[in-house]
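**Student:** structure_32.tsv is reproduced in full below (TSV, C-alpha atoms (C1' of nucleotides)).
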```
chain	number	residue	atom	x	y	z
A	22	MET	CA	-13.41	26.92	11.49
A	23	SER	CA	-10.79	24.91	9.72
A	24	ASP	CA	-7.78	26.54	8.12
A	25	LEU	CA	-8.68	24.83	4.89
A	26	ILE	CA	-12.07	26.54	4.74
A	27	VAL	CA	-10.41	29.91	5.26
A	28	ARG	CA	-8.04	29.23	2.40
A	29	LEU	CA	-10.83	27.98	0.15
A	30	ARG	CA	-12.88	31.09	0.87
A	31	ALA	CA	-9.82	33.18	0.04
A	32	ARG	CA	-9.63	31.39	-3.29
A	33	GLY	CA	-13.22	32.37	-4.02
A	34	TRP	CA	-14.87	29.05	-3.30
A	35	ARG	CA	-18.47	29.03	-2.17
A	36	ILE	CA	-18.56	27.56	1.30
A	37	THR	CA	-21.28	24.95	1.14
A	38	PRO	CA	-22.20	22.53	3.91
A	39	GLN	CA	-20.71	19.75	1.78
A	40	ARG	CA	-17.34	21.48	1.53
A	41	GLN	CA	-17.35	22.26	5.22
A	42	ALA	CA	-17.99	18.60	5.99
A	43	ILE	CA	-15.15	17.51	3.70
A	44	ALA	CA	-12.80	20.09	5.20
A	45	LEU	CA	-13.68	18.81	8.65
A	46	VAL	CA	-12.95	15.24	7.62
A	47	LEU	CA	-9.59	16.30	6.20
A	48	ASP	CA	-8.60	18.06	9.39
A	49	GLY	CA	-6.06	15.92	11.20
A	50	GLU	CA	-2.56	14.49	11.32
A	51	ASN	CA	-1.35	11.39	9.58
A	52	LEU	CA	-4.51	11.04	7.57
A	53	HIS	CA	-4.56	8.89	4.44
A	54	LEU	CA	-8.12	8.33	3.37
A	55	SER	CA	-9.59	6.74	0.31
A	56	ALA	CA	-12.37	8.63	-1.45
A	57	GLU	CA	-14.79	6.18	0.08
A	58	GLY	CA	-13.31	6.83	3.50
A	59	VAL	CA	-13.89	10.53	3.03
A	60	VAL	CA	-17.49	9.94	1.96
A	61	GLU	CA	-18.14	7.69	4.92
A	62	ARG	CA	-16.84	10.19	7.45
A	63	ALA	CA	-18.42	13.14	5.71
A	64	ARG	CA	-21.80	11.37	5.91
A	65	ARG	CA	-21.53	11.26	9.68
A	66	ILE	CA	-21.49	15.03	9.56
A	67	LEU	CA	-23.79	15.52	6.58
A	68	PRO	CA	-25.69	12.30	5.85
A	69	GLY	CA	-26.88	13.18	2.37
A	70	ILE	CA	-23.55	14.09	0.78
A	71	SER	CA	-22.93	12.35	-2.53
A	72	MET	CA	-19.92	10.53	-3.93
A	73	ALA	CA	-19.85	12.84	-6.93
A	74	THR	CA	-19.48	15.93	-4.77
A	75	VAL	CA	-16.74	14.33	-2.71
A	76	TYR	CA	-14.83	13.25	-5.81
A	77	ASN	CA	-15.25	16.64	-7.44
A	78	THR	CA	-14.04	18.41	-4.33
A	79	LEU	CA	-11.11	16.09	-3.70
A	80	ASN	CA	-9.95	16.45	-7.30
A	81	GLU	CA	-10.12	20.22	-7.08
A	82	LEU	CA	-8.23	20.19	-3.78
A	83	VAL	CA	-5.54	18.00	-5.33
A	84	ALA	CA	-5.33	20.20	-8.42
A	85	MET	CA	-4.77	23.31	-6.31
A	86	GLY	CA	-2.26	21.52	-4.11
A	87	GLU	CA	-4.27	21.61	-0.89
A	88	VAL	CA	-4.38	17.84	-0.72
A	89	LEU	CA	-1.84	15.27	-1.88
A	90	GLU	CA	-2.55	12.08	-3.71
A	91	VAL	CA	-0.74	8.99	-2.46
A	92	SER	CA	-0.71	6.06	-4.82
A	93	THR	CA	0.25	2.90	-3.01
A	94	GLY	CA	-0.10	0.80	-6.13
A	95	SER	CA	-2.80	-1.36	-4.63
A	96	GLY	CA	-6.30	-0.33	-5.59
A	97	ALA	CA	-7.75	3.04	-4.77
A	98	ARG	CA	-6.03	6.40	-4.46
A	99	LEU	CA	-5.46	7.81	-1.01
A	100	PHE	CA	-5.81	11.46	-0.13
A	101	ASP	CA	-3.39	13.13	2.25
A	102	PRO	CA	-4.38	16.56	3.59
A	103	ASN	CA	-0.89	17.18	4.98
A	104	ALA	CA	0.29	19.23	2.01
A	105	THR	CA	2.00	21.98	3.97
A	106	HIS	CA	4.82	19.91	5.48
A	107	ALA	CA	6.97	17.96	3.02
A	108	HIS	CA	7.02	14.33	4.01
A	109	HIS	CA	7.22	10.80	2.69
A	110	HIS	CA	5.39	7.59	3.40
A	111	LEU	CA	5.96	4.32	5.14
A	112	VAL	CA	3.63	1.69	3.70
A	113	CYS	CA	3.19	-1.55	5.61
A	114	SER	CA	3.16	-4.48	3.20
A	115	ALA	CA	1.12	-6.57	5.62
A	116	CYS	CA	-1.72	-4.33	6.76
A	117	GLY	CA	-1.48	-1.48	4.26
A	118	GLU	CA	-1.25	1.12	6.96
A	119	ILE	CA	0.54	4.32	6.01
A	120	HIS	CA	2.64	6.57	8.20
A	121	ASP	CA	4.15	9.92	7.46
A	122	VAL	CA	7.88	10.33	7.80
A	123	GLN	CA	9.95	13.50	7.82
A	124	ALA	CA	11.41	14.43	4.43
A	125	ASP	CA	15.17	14.70	4.47
A	126	LEU	CA	17.42	13.38	1.78
A	127	GLY	CA	20.04	15.88	2.92
A	128	GLY	CA	20.51	17.45	-0.48
A	129	ARG	CA	21.57	14.18	-1.99
A	130	ALA	CA	18.55	13.84	-4.22
A	131	PRO	CA	19.80	16.36	-6.78
A	132	ASP	CA	23.15	14.55	-6.94
A	133	MET	CA	21.39	11.46	-8.20
A	134	LEU	CA	20.23	13.37	-11.22
A	135	ASP	CA	23.43	14.98	-12.41
A	136	ARG	CA	23.59	13.17	-15.69
A	137	HIS	CA	19.93	13.59	-16.55
A	138	ASP	CA	18.78	16.82	-18.14
A	139	PHE	CA	15.73	16.73	-15.99
A	140	LEU	CA	14.39	19.70	-14.04
A	141	VAL	CA	13.30	18.26	-10.73
A	142	THR	CA	10.42	20.11	-9.08
A	143	GLY	CA	9.75	17.58	-6.37
A	144	TYR	CA	10.07	14.00	-5.34
A	145	SER	CA	8.43	11.54	-3.06
A	146	VAL	CA	9.69	8.42	-1.41
A	147	VAL	CA	7.64	5.38	-0.56
A	148	PHE	CA	9.20	3.03	1.98
A	149	ASN	CA	7.87	-0.49	1.99
A	150	GLY	CA	8.17	-2.77	4.96
A	151	LEU	CA	6.46	-3.89	8.14
A	152	CYS	CA	4.91	-1.61	10.71
A	153	GLN	CA	5.44	-2.16	14.42
A	154	ASN	CA	2.21	-4.12	14.88
A	155	CYS	CA	2.80	-6.45	11.97
A	156	GLN	CA	6.38	-7.13	13.06
A	157	ALA	CA	5.10	-8.10	16.50
A	158	ARG	CA	2.33	-10.24	15.04
A	159	ARG	CA	4.81	-12.11	12.81
A	160	ALA	CA	7.15	-12.69	15.72
A	161	ALA	CA	4.26	-14.09	17.78
A	162	GLU	CA	3.11	-16.38	14.96
A	163	ARG	CA	6.27	-18.40	14.71
B	13	MET	CA	15.82	-16.53	-26.63
B	14	SER	CA	15.24	-13.95	-24.01
B	15	ASP	CA	16.76	-14.24	-20.55
B	16	LEU	CA	13.31	-13.91	-19.08
B	17	ILE	CA	12.08	-17.04	-20.89
B	18	VAL	CA	15.06	-18.96	-19.57
B	19	ARG	CA	14.26	-17.87	-16.04
B	20	LEU	CA	10.58	-18.68	-16.44
B	21	ARG	CA	11.37	-22.14	-17.74
B	22	ALA	CA	13.67	-22.63	-14.76
B	23	ARG	CA	10.75	-21.74	-12.53
B	24	GLY	CA	8.68	-24.47	-14.13
B	25	TRP	CA	6.52	-22.28	-16.35
B	26	ARG	CA	5.13	-23.74	-19.54
B	27	ILE	CA	6.58	-21.78	-22.39
B	28	THR	CA	3.61	-20.92	-24.55
B	29	PRO	CA	3.66	-18.68	-27.63
B	30	GLN	CA	1.78	-16.07	-25.59
B	31	ARG	CA	4.43	-15.98	-22.90
B	32	GLN	CA	7.19	-15.83	-25.46
B	33	ALA	CA	5.50	-12.87	-27.11
B	34	ILE	CA	5.14	-11.07	-23.77
B	35	ALA	CA	8.75	-11.81	-22.85
B	36	LEU	CA	9.84	-10.38	-26.19
B	37	VAL	CA	7.82	-7.23	-25.59
B	38	LEU	CA	9.37	-6.83	-22.15
B	39	ASP	CA	12.89	-7.17	-23.52
B	40	GLY	CA	14.46	-3.73	-23.53
B	41	GLU	CA	15.91	-0.85	-21.57
B	42	ASN	CA	13.95	1.98	-20.04
B	43	LEU	CA	10.63	0.36	-20.75
B	44	HIS	CA	7.51	1.50	-18.88
B	45	LEU	CA	4.48	0.03	-20.56
B	46	SER	CA	0.84	-0.01	-19.58
B	47	ALA	CA	-0.97	-3.32	-19.79
B	48	GLU	CA	-2.61	-2.04	-22.95
B	49	GLY	CA	0.80	-1.14	-24.35
B	50	VAL	CA	1.99	-4.67	-23.72
B	51	VAL	CA	-1.10	-6.13	-25.41
B	52	GLU	CA	-0.66	-3.87	-28.41
B	53	ARG	CA	2.97	-4.82	-28.93
B	54	ALA	CA	2.37	-8.47	-28.18
B	55	ARG	CA	-0.33	-8.56	-30.85
B	56	ARG	CA	2.21	-7.49	-33.46
B	57	ILE	CA	4.01	-10.72	-32.66
B	58	LEU	CA	1.00	-12.90	-31.91
B	59	PRO	CA	-2.17	-11.22	-33.22
B	60	GLY	CA	-4.69	-13.29	-31.31
B	61	ILE	CA	-3.32	-12.83	-27.79
B	62	SER	CA	-5.96	-11.76	-25.28
B	63	MET	CA	-6.04	-9.09	-22.62
B	64	ALA	CA	-6.78	-11.68	-19.95
B	65	THR	CA	-3.65	-13.64	-20.73
B	66	VAL	CA	-1.51	-10.53	-20.73
B	67	TYR	CA	-2.94	-9.38	-17.39
B	68	ASN	CA	-2.57	-12.82	-15.86
B	69	THR	CA	1.03	-13.08	-17.02
B	70	LEU	CA	1.99	-9.56	-15.96
B	71	ASN	CA	0.51	-10.11	-12.51
B	72	GLU	CA	2.43	-13.34	-12.10
B	73	LEU	CA	5.64	-11.69	-13.27
B	74	VAL	CA	5.11	-8.89	-10.76
B	75	ALA	CA	4.32	-11.36	-7.98
B	76	MET	CA	7.55	-13.25	-8.58
B	77	GLY	CA	9.55	-10.05	-8.87
B	78	GLU	CA	10.51	-10.37	-12.52
B	79	VAL	CA	8.68	-7.18	-13.40
B	80	LEU	CA	8.13	-4.03	-11.34
B	81	GLU	CA	4.94	-2.07	-11.06
B	82	VAL	CA	5.27	1.70	-11.33
B	83	SER	CA	2.30	3.69	-10.14
B	84	THR	CA	2.48	7.23	-11.42
B	85	GLY	CA	-0.78	8.19	-9.80
B	86	SER	CA	-2.42	9.06	-13.08
B	87	GLY	CA	-4.60	6.28	-14.45
B	88	ALA	CA	-3.22	2.90	-15.38
B	89	ARG	CA	-0.35	0.96	-13.85
B	90	LEU	CA	2.92	0.77	-15.72
B	91	PHE	CA	5.09	-2.31	-15.92
B	92	ASP	CA	8.86	-2.06	-15.76
B	93	PRO	CA	10.85	-5.16	-16.76
B	94	ASN	CA	14.08	-3.72	-15.36
B	95	ALA	CA	13.83	-5.56	-12.04
B	96	THR	CA	17.44	-6.67	-11.83
B	97	HIS	CA	19.02	-3.23	-11.39
B	98	ALA	CA	17.68	-1.13	-8.54
B	99	HIS	CA	16.59	2.22	-9.86
B	100	HIS	CA	14.12	5.02	-9.41
B	101	HIS	CA	11.99	7.05	-11.78
B	102	LEU	CA	11.89	10.50	-13.26
B	103	VAL	CA	8.35	11.37	-14.29
B	104	CYS	CA	7.82	14.33	-16.59
B	105	SER	CA	4.82	16.34	-15.41
B	106	ALA	CA	4.24	17.67	-18.92
B	107	CYS	CA	4.42	14.65	-21.21
B	108	GLY	CA	4.25	11.83	-18.70
B	109	GLU	CA	7.40	10.22	-19.99
B	110	ILE	CA	9.34	8.13	-17.49
B	111	HIS	CA	13.08	7.64	-17.26
B	112	ASP	CA	15.07	5.33	-15.09
B	113	VAL	CA	17.63	6.82	-12.75
B	114	GLN	CA	20.36	5.11	-10.79
B	115	ALA	CA	19.39	4.27	-7.22
B	116	ASP	CA	21.69	5.79	-4.64
B	117	LEU	CA	20.56	7.41	-1.47
B	118	GLY	CA	24.03	6.75	-0.04
B	119	GLY	CA	22.76	4.93	3.01
B	120	ARG	CA	20.80	7.92	4.15
B	121	ALA	CA	17.41	6.33	3.68
B	122	PRO	CA	17.57	4.28	6.87
B	123	ASP	CA	18.57	7.39	8.83
B	124	MET	CA	15.25	8.96	7.96
B	125	LEU	CA	13.47	6.19	9.76
B	126	ASP	CA	15.30	6.10	13.07
B	127	ARG	CA	12.35	7.10	15.16
B	128	HIS	CA	9.86	4.84	13.45
B	129	ASP	CA	9.67	1.22	14.49
B	130	PHE	CA	9.30	0.24	10.90
B	131	LEU	CA	11.20	-2.57	9.24
B	132	VAL	CA	12.11	-1.23	5.81
B	133	THR	CA	12.39	-3.86	3.09
B	134	GLY	CA	12.62	-1.49	0.16
B	135	TYR	CA	11.82	1.94	-1.08
B	136	SER	CA	11.25	3.75	-4.31
B	137	VAL	CA	11.65	7.35	-5.26
B	138	VAL	CA	9.61	9.20	-7.84
B	139	PHE	CA	11.08	12.46	-9.08
B	140	ASN	CA	8.64	14.86	-10.65
B	141	GLY	CA	9.70	17.59	-13.02
B	142	LEU	CA	10.29	18.38	-16.66
B	143	CYS	CA	12.18	16.21	-19.12
B	144	GLN	CA	14.68	17.70	-21.53
B	145	ASN	CA	12.19	17.97	-24.39
B	146	CYS	CA	9.50	19.65	-22.35
B	147	GLN	CA	11.99	22.13	-20.88
B	148	ALA	CA	13.05	23.08	-24.40
B	149	ARG	CA	9.46	23.34	-25.59
B	150	ARG	CA	8.53	25.63	-22.68
B	151	ALA	CA	11.55	27.83	-23.34
B	152	ALA	CA	10.57	28.12	-27.01
B	153	GLU	CA	6.95	28.95	-26.20
B	154	ARG	CA	7.65	32.13	-24.32
C	27	DT	C1'	-30.69	37.00	-9.22
C	28	DT	C1'	-27.08	34.79	-10.88
C	29	DT	C1'	-24.26	31.13	-11.49
C	30	DA	C1'	-21.59	27.90	-8.85
C	31	DC	C1'	-22.52	23.86	-6.81
C	32	DT	C1'	-24.98	19.38	-5.71
C	33	DG	C1'	-27.09	14.80	-6.36
C	34	DC	C1'	-28.59	11.24	-9.18
C	35	DA	C1'	-27.73	7.75	-12.24
C	36	DA	C1'	-25.67	6.14	-16.10
C	37	DA	C1'	-21.35	5.67	-18.33
C	38	DC	C1'	-16.62	4.87	-18.19
C	39	DC	C1'	-12.02	2.63	-17.75
C	40	DG	C1'	-8.71	-0.49	-16.19
C	41	DT	C1'	-8.71	-4.86	-14.35
C	42	DT	C1'	-10.37	-9.47	-12.70
C	43	DT	C1'	-12.89	-13.70	-13.02
C	44	DG	C1'	-15.62	-18.08	-14.35
C	45	DC	C1'	-15.62	-21.33	-17.43
C	46	DA	C1'	-15.24	-24.10	-21.60
C	47	DG	C1'	-11.86	-25.34	-24.78
C	48	DT	C1'	-6.96	-25.96	-25.96
C	49	DT	C1'	-2.11	-27.18	-25.59
C	50	DC	C1'	2.25	-27.92	-23.50
C	51	DC	C1'	4.91	-31.34	-21.14
D	16	DG	C1'	-3.35	-38.03	-20.39
D	17	DG	C1'	-3.59	-34.52	-17.35
D	18	DA	C1'	-2.67	-30.30	-15.45
D	19	DA	C1'	-1.64	-25.77	-16.88
D	20	DC	C1'	-2.81	-22.37	-19.81
D	21	DT	C1'	-5.75	-19.43	-23.02
D	22	DG	C1'	-9.66	-16.69	-24.75
D	23	DC	C1'	-14.08	-14.99	-24.33
D	24	DA	C1'	-17.27	-12.28	-22.24
D	25	DA	C1'	-19.38	-10.81	-18.37
D	26	DA	C1'	-18.60	-8.66	-13.98
D	27	DC	C1'	-16.16	-5.73	-11.08
D	28	DG	C1'	-14.53	-1.54	-8.34
D	29	DG	C1'	-13.17	2.97	-8.52
D	30	DT	C1'	-13.99	7.20	-10.80
D	31	DT	C1'	-16.13	10.55	-14.06
D	32	DT	C1'	-19.84	12.87	-16.36
D	33	DG	C1'	-24.40	15.02	-18.12
D	34	DC	C1'	-28.02	17.18	-16.57
D	35	DA	C1'	-31.82	19.01	-13.93
D	36	DG	C1'	-32.54	21.06	-9.57
D	37	DT	C1'	-30.78	23.85	-5.53
D	38	DA	C1'	-28.62	27.28	-2.85
D	39	DA	C1'	-24.54	30.50	-1.81
D	40	DA	C1'	-23.30	35.09	-2.50
```
Could you quickly redo this structure as structure tokens?
**Tutor:**
Amino acid sequence: MSDLIVRLRARGWRITPQRQAIALVLDGENLHLSAEGVVERARRILPGISMATVYNTLNELVAMGEVLEVSTGSGARLFDPNATHAHHHLVCSACGEIHDVQADLGGRAPDMLDRHDFLVTGYSVVFNGLCQNCQARRAAER
Amino acid sequence: MSDLIVRLRARGWRITPQRQAIALVLDGENLHLSAEGVVERARRILPGISMATVYNTLNELVAMGEVLEVSTGSGARLFDPNATHAHHHLVCSACGEIHDVQADLGGRAPDMLDRHDFLVTGYSVVFNGLCQNCQARRAAER
DNA sequence: TTTACTGCAAACCGTTTGCAGTTCC
DNA sequence: GGAACTGCAAACGGTTTGCAGTAAA
């Protein structure tokens, strides 16, 4: 059984087949799925599951911090189940692929904010550029 | 006349009243407006201006790098005309207000990416937390 | 048995688009 | 004069919601 299900049960959630399917879909590394992607995969496990249920569940998971929301600016939200290990994102401008990257600003982040009376509770970095594949493809094209 | 209009003319744009109104709206520091916010303000200058024109223009400005897109994750895109000075954003979790902050990761950003074959062309940092006002309000509430 | 949860479908919101008319150069 | 631009309104894609039915505890 997935860790997520255990934690959801601990929080008093009813463990329905739908939630088990969603938890199963969200079990993995380097996962950045759109809501539609989650529905699609969840339907392989539980064909009848509805969009509404998936959206409801994802929103609740985000609200309780079990899942992160990644907004890449282009179109739909992406959901990132890797909420336990702080990390940032590499977004390929060519193919849209997203990779996780270790979080480490080496304590410099707070320095940036010295002159702002702003209480920082967290931060996220989005790196834009070209992934390995797209670099290779560009090199081959010219 | 705004600098932006000068640059747009230099790029061969036709300078219409609509574009002048939008340029006027986008003239300012620390501005983070939704498309609707731009329409609203532009209509004070040119009452008949349409959503479509504003969206078209904003998208073109973003595409040519004259305006930045800030995605806060919650709802609509925000447009940031401060494209000439690299900066990042402080987003208040309580009131949603956004402030610009000087960009300076002190050359550490590339270090984070050593083990990823990823060609970084840019990055942006979003700091989450509480702005001065919301800190004060919370302190007063308890 | 209770009440949280699900599925359907319609509504919603921000955004884009096709097209006919207008206007800047 | 002609291409670029505008405005309208309809369409669009992603997401939310109301409600009646279902099932977990």
**Student:** If I take C1' of DT32 in chain C and CA of Ser92 in chain A, how far is one from the other in Å, to one decimal?
**Tutor:**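 These two atoms are separated by 27.7 Å.
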**Student:** Using all atoms listed in the file, which protein or nucleic acid residues come within 7 Å of Ser55 in chain A? Drop anything in the same chain fewer than 2 positions from it, and give the result as a list in words.
**Tutor:**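 Answer for this query is His53, Glu57, Gly58, Val59, Ala97, Arg98, Leu99 and Phe100 of chain A.
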**Student:** Keeping only C-alpha atoms, take the residues you just selected and write them out as a compact mmCIF listing (two decimals), keeping the file's coordinate frame.
**Tutor:**
```txt
# COMPACT_ATOMS: atom_id res chain seq x y z
CA HIS A 53 -4.56 8.89 4.44
CA GLU A 57 -14.79 6.18 0.08
CA GLY A 58 -13.31 6.83 3.50
CA VAL A 59 -13.89 10.53 3.03
CA ALA A 97 -7.75 3.04 -4.77
CA ARG A 98 -6.03 6.40 -4.46
CA LEU A 99 -5.46 7.81 -1.01
CA PHE A 100 -5.81 11.46 -0.13
```
**Student:** Could you tell me how far C1' of DT31 in chain D sits from CA of Thr84 in chain B, in Å to one decimal place?
**Tutor:**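 Calculated distance between CA of Thr84 in chain B and C1' of DT31 in chain D is 19.1 Å.
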**Student:** Matching every Cα in sequence order between the two identical chains, what are the coordinates of chain A once fitted onto chain B? Write them as a tab-separated table (two decimals) with C-alpha atoms, in the coordinates of the input.
**Tutor:**
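Below is the file part-v6.tsv, written as the result:
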```
chain	number	residue	atom	x	y	z
A	22	MET	CA	15.87	-16.63	-26.42
A	23	SER	CA	15.24	-14.05	-23.78
A	24	ASP	CA	16.70	-14.35	-20.31
A	25	LEU	CA	13.22	-14.00	-18.91
A	26	ILE	CA	12.00	-17.11	-20.73
A	27	VAL	CA	14.93	-19.08	-19.36
A	28	ARG	CA	14.08	-17.99	-15.85
A	29	LEU	CA	10.38	-18.72	-16.33
A	30	ARG	CA	11.19	-22.20	-17.62
A	31	ALA	CA	13.41	-22.71	-14.58
A	32	ARG	CA	10.45	-21.80	-12.39
A	33	GLY	CA	8.38	-24.49	-14.07
A	34	TRP	CA	6.30	-22.29	-16.33
A	35	ARG	CA	4.97	-23.74	-19.55
A	36	ILE	CA	6.50	-21.79	-22.39
A	37	THR	CA	3.57	-20.89	-24.59
A	38	PRO	CA	3.70	-18.67	-27.66
A	39	GLN	CA	1.80	-16.04	-25.66
A	40	ARG	CA	4.41	-15.97	-22.90
A	41	GLN	CA	7.22	-15.86	-25.42
A	42	ALA	CA	5.59	-12.87	-27.10
A	43	ILE	CA	5.18	-11.08	-23.77
A	44	ALA	CA	8.77	-11.85	-22.79
A	45	LEU	CA	9.92	-10.44	-26.11
A	46	VAL	CA	7.93	-7.26	-25.56
A	47	LEU	CA	9.44	-6.87	-22.09
A	48	ASP	CA	12.96	-7.23	-23.40
A	49	GLY	CA	14.58	-3.81	-23.42
A	50	GLU	CA	15.98	-0.90	-21.44
A	51	ASN	CA	14.03	1.95	-19.98
A	52	LEU	CA	10.71	0.32	-20.70
A	53	HIS	CA	7.58	1.47	-18.89
A	54	LEU	CA	4.56	0.03	-20.60
A	55	SER	CA	0.92	0.04	-19.68
A	56	ALA	CA	-0.92	-3.27	-19.91
A	57	GLU	CA	-2.49	-2.00	-23.09
A	58	GLY	CA	0.93	-1.13	-24.44
A	59	VAL	CA	2.08	-4.66	-23.78
A	60	VAL	CA	-0.98	-6.10	-25.52
A	61	GLU	CA	-0.49	-3.86	-28.52
A	62	ARG	CA	3.14	-4.84	-29.00
A	63	ALA	CA	2.51	-8.48	-28.23
A	64	ARG	CA	-0.15	-8.53	-30.97
A	65	ARG	CA	2.44	-7.50	-33.53
A	66	ILE	CA	4.21	-10.73	-32.69
A	67	LEU	CA	1.15	-12.87	-31.98
A	68	PRO	CA	-1.98	-11.18	-33.34
A	69	GLY	CA	-4.53	-13.24	-31.46
A	70	ILE	CA	-3.23	-12.77	-27.92
A	71	SER	CA	-5.90	-11.70	-25.45
A	72	MET	CA	-5.98	-9.01	-22.79
A	73	ALA	CA	-6.80	-11.59	-20.14
A	74	THR	CA	-3.67	-13.59	-20.86
A	75	VAL	CA	-1.51	-10.48	-20.82
A	76	TYR	CA	-2.98	-9.31	-17.52
A	77	ASN	CA	-2.65	-12.75	-15.98
A	78	THR	CA	0.95	-13.03	-17.07
A	79	LEU	CA	1.93	-9.52	-16.02
A	80	ASN	CA	0.39	-10.04	-12.58
A	81	GLU	CA	2.26	-13.30	-12.13
A	82	LEU	CA	5.51	-11.67	-13.25
A	83	VAL	CA	4.97	-8.85	-10.76
A	84	ALA	CA	4.12	-11.29	-7.98
A	85	MET	CA	7.34	-13.23	-8.53
A	86	GLY	CA	9.37	-10.04	-8.78
A	87	GLU	CA	10.38	-10.39	-12.42
A	88	VAL	CA	8.61	-7.19	-13.34
A	89	LEU	CA	8.06	-4.03	-11.31
A	90	GLU	CA	4.90	-2.03	-11.07
A	91	VAL	CA	5.27	1.73	-11.36
A	92	SER	CA	2.31	3.75	-10.20
A	93	THR	CA	2.52	7.28	-11.47
A	94	GLY	CA	-0.75	8.25	-9.85
A	95	SER	CA	-2.36	9.13	-13.15
A	96	GLY	CA	-4.51	6.38	-14.59
A	97	ALA	CA	-3.17	2.99	-15.51
A	98	ARG	CA	-0.35	1.00	-13.94
A	99	LEU	CA	2.94	0.80	-15.77
A	100	PHE	CA	5.09	-2.29	-15.94
A	101	ASP	CA	8.86	-2.06	-15.72
A	102	PRO	CA	10.83	-5.18	-16.69
A	103	ASN	CA	14.05	-3.75	-15.25
A	104	ALA	CA	13.76	-5.57	-11.93
A	105	THR	CA	17.37	-6.69	-11.67
A	106	HIS	CA	18.99	-3.26	-11.28
A	107	ALA	CA	17.65	-1.10	-8.45
A	108	HIS	CA	16.58	2.23	-9.82
A	109	HIS	CA	14.11	5.06	-9.41
A	110	HIS	CA	11.98	7.08	-11.76
A	111	LEU	CA	11.87	10.52	-13.26
A	112	VAL	CA	8.31	11.35	-14.28
A	113	CYS	CA	7.75	14.31	-16.57
A	114	SER	CA	4.72	16.29	-15.41
A	115	ALA	CA	4.14	17.62	-18.92
A	116	CYS	CA	4.34	14.60	-21.20
A	117	GLY	CA	4.21	11.75	-18.70
A	118	GLU	CA	7.38	10.21	-19.99
A	119	ILE	CA	9.33	8.13	-17.50
A	120	HIS	CA	13.07	7.67	-17.25
A	121	ASP	CA	15.07	5.37	-15.07
A	122	VAL	CA	17.64	6.86	-12.75
A	123	GLN	CA	20.37	5.14	-10.77
A	124	ALA	CA	19.43	4.32	-7.18
A	125	ASP	CA	21.74	5.89	-4.65
A	126	LEU	CA	20.62	7.51	-1.46
A	127	GLY	CA	24.09	6.86	-0.06
A	128	GLY	CA	22.87	5.02	3.00
A	129	ARG	CA	20.90	8.00	4.17
A	130	ALA	CA	17.53	6.38	3.70
A	131	PRO	CA	17.78	4.28	6.86
A	132	ASP	CA	18.72	7.38	8.86
A	133	MET	CA	15.38	8.92	8.00
A	134	LEU	CA	13.65	6.09	9.77
A	135	ASP	CA	15.48	5.98	13.07
A	136	ARG	CA	12.53	6.91	15.19
A	137	HIS	CA	10.06	4.63	13.45
A	138	ASP	CA	9.91	0.99	14.45
A	139	PHE	CA	9.54	0.07	10.85
A	140	LEU	CA	11.49	-2.69	9.12
A	141	VAL	CA	12.36	-1.27	5.74
A	142	THR	CA	12.69	-3.87	2.98
A	143	GLY	CA	12.87	-1.45	0.10
A	144	TYR	CA	12.00	1.98	-1.12
A	145	SER	CA	11.37	3.78	-4.32
A	146	VAL	CA	11.67	7.40	-5.27
A	147	VAL	CA	9.59	9.20	-7.83
A	148	PHE	CA	11.02	12.49	-9.07
A	149	ASN	CA	8.56	14.86	-10.64
A	150	GLY	CA	9.59	17.58	-13.01
A	151	LEU	CA	10.17	18.40	-16.66
A	152	CYS	CA	12.08	16.27	-19.11
A	153	GLN	CA	14.56	17.78	-21.53
A	154	ASN	CA	12.06	18.01	-24.39
A	155	CYS	CA	9.35	19.66	-22.35
A	156	GLN	CA	11.80	22.18	-20.88
A	157	ALA	CA	12.87	23.13	-24.40
A	158	ARG	CA	9.28	23.33	-25.60
A	159	ARG	CA	8.32	25.63	-22.70
A	160	ALA	CA	11.31	27.86	-23.35
A	161	ALA	CA	10.33	28.12	-27.02
A	162	GLU	CA	6.70	28.93	-26.20
A	163	ARG	CA	7.37	32.10	-24.30
```
**Student:** Neighbouring residues of Leu36 in chain B were defined as those with any atom within 12 Å, considering only C-alpha atoms (C1' of nucleotides); residues of the same chain fewer than 6 positions away were excluded. Please report them as a PyMOL selection string.
**Tutor:** chain B and resi 13-17+29-30+50-51+53-58+93
**Student:** Could you list, as number ranges by chain, every residue of chain A that has an atom within 6 Å of an atom of chain B, counting only C-alpha atoms?
**Tutor:** A: 92, 94, 138-153
**Student:** Distance CA of Asp39 in chain B-C1' of DT42 in chain C, one decimal place?
**Tutor:**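 For CA of Asp39 in chain B relative to C1' of DT42 in chain C, the distance reads 25.8 Å.
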**Student:** Which residue out of A:Ala42, A:Glu61, A:Tyr76, A:Glu87 has the minimum interatomic distance to chain D when all atoms listed in the file are used?
**Tutor:** A:Tyr76
**Student:** Hey, which of B:Ile110, B:Leu73, B:Leu80, B:Ala152 ends up closest to Arg23 in chain B? Count all atoms listed in the file.
**Tutor:** B:Leu73
**Student:** For chain D against chain B, which residues fall within 10 Å using all atoms listed in the file, given as JSON, numbers by chain?
**Tutor:** {"D": [19, 20, 21, 22, 23]}
**Student:** Taking into account all atoms listed in the file, which residue in the set C:DA37, C:DA46, C:DC31, C:DC51 is nearest to chain A?
**Tutor:**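 Result for the nearest residue to chain A: C:DC31.
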**Student:** For chain C against chain A, with a cut-off of 12 Å and counting all atoms listed in the file, what is the closest atom pair and its distance in Å to one decimal for every residue that makes the cut, ordered by chain and number, as a tab-separated table?
**Tutor:**
```
residue	atom	partner	partner_atom	distance
C:DT29	C1'	A:Arg35	CA	11.2
C:DA30	C1'	A:Arg35	CA	7.5
C:DC31	C1'	A:Arg35	CA	8.0
C:DT32	C1'	A:Thr74	CA	6.6
C:DG33	C1'	A:Ser71	CA	6.2
C:DC34	C1'	A:Ser71	CA	8.8
C:DA35	C1'	A:Ala73	CA	10.8
C:DG40	C1'	A:Gly96	CA	10.9
C:DT41	C1'	A:Gly96	CA	10.2
```
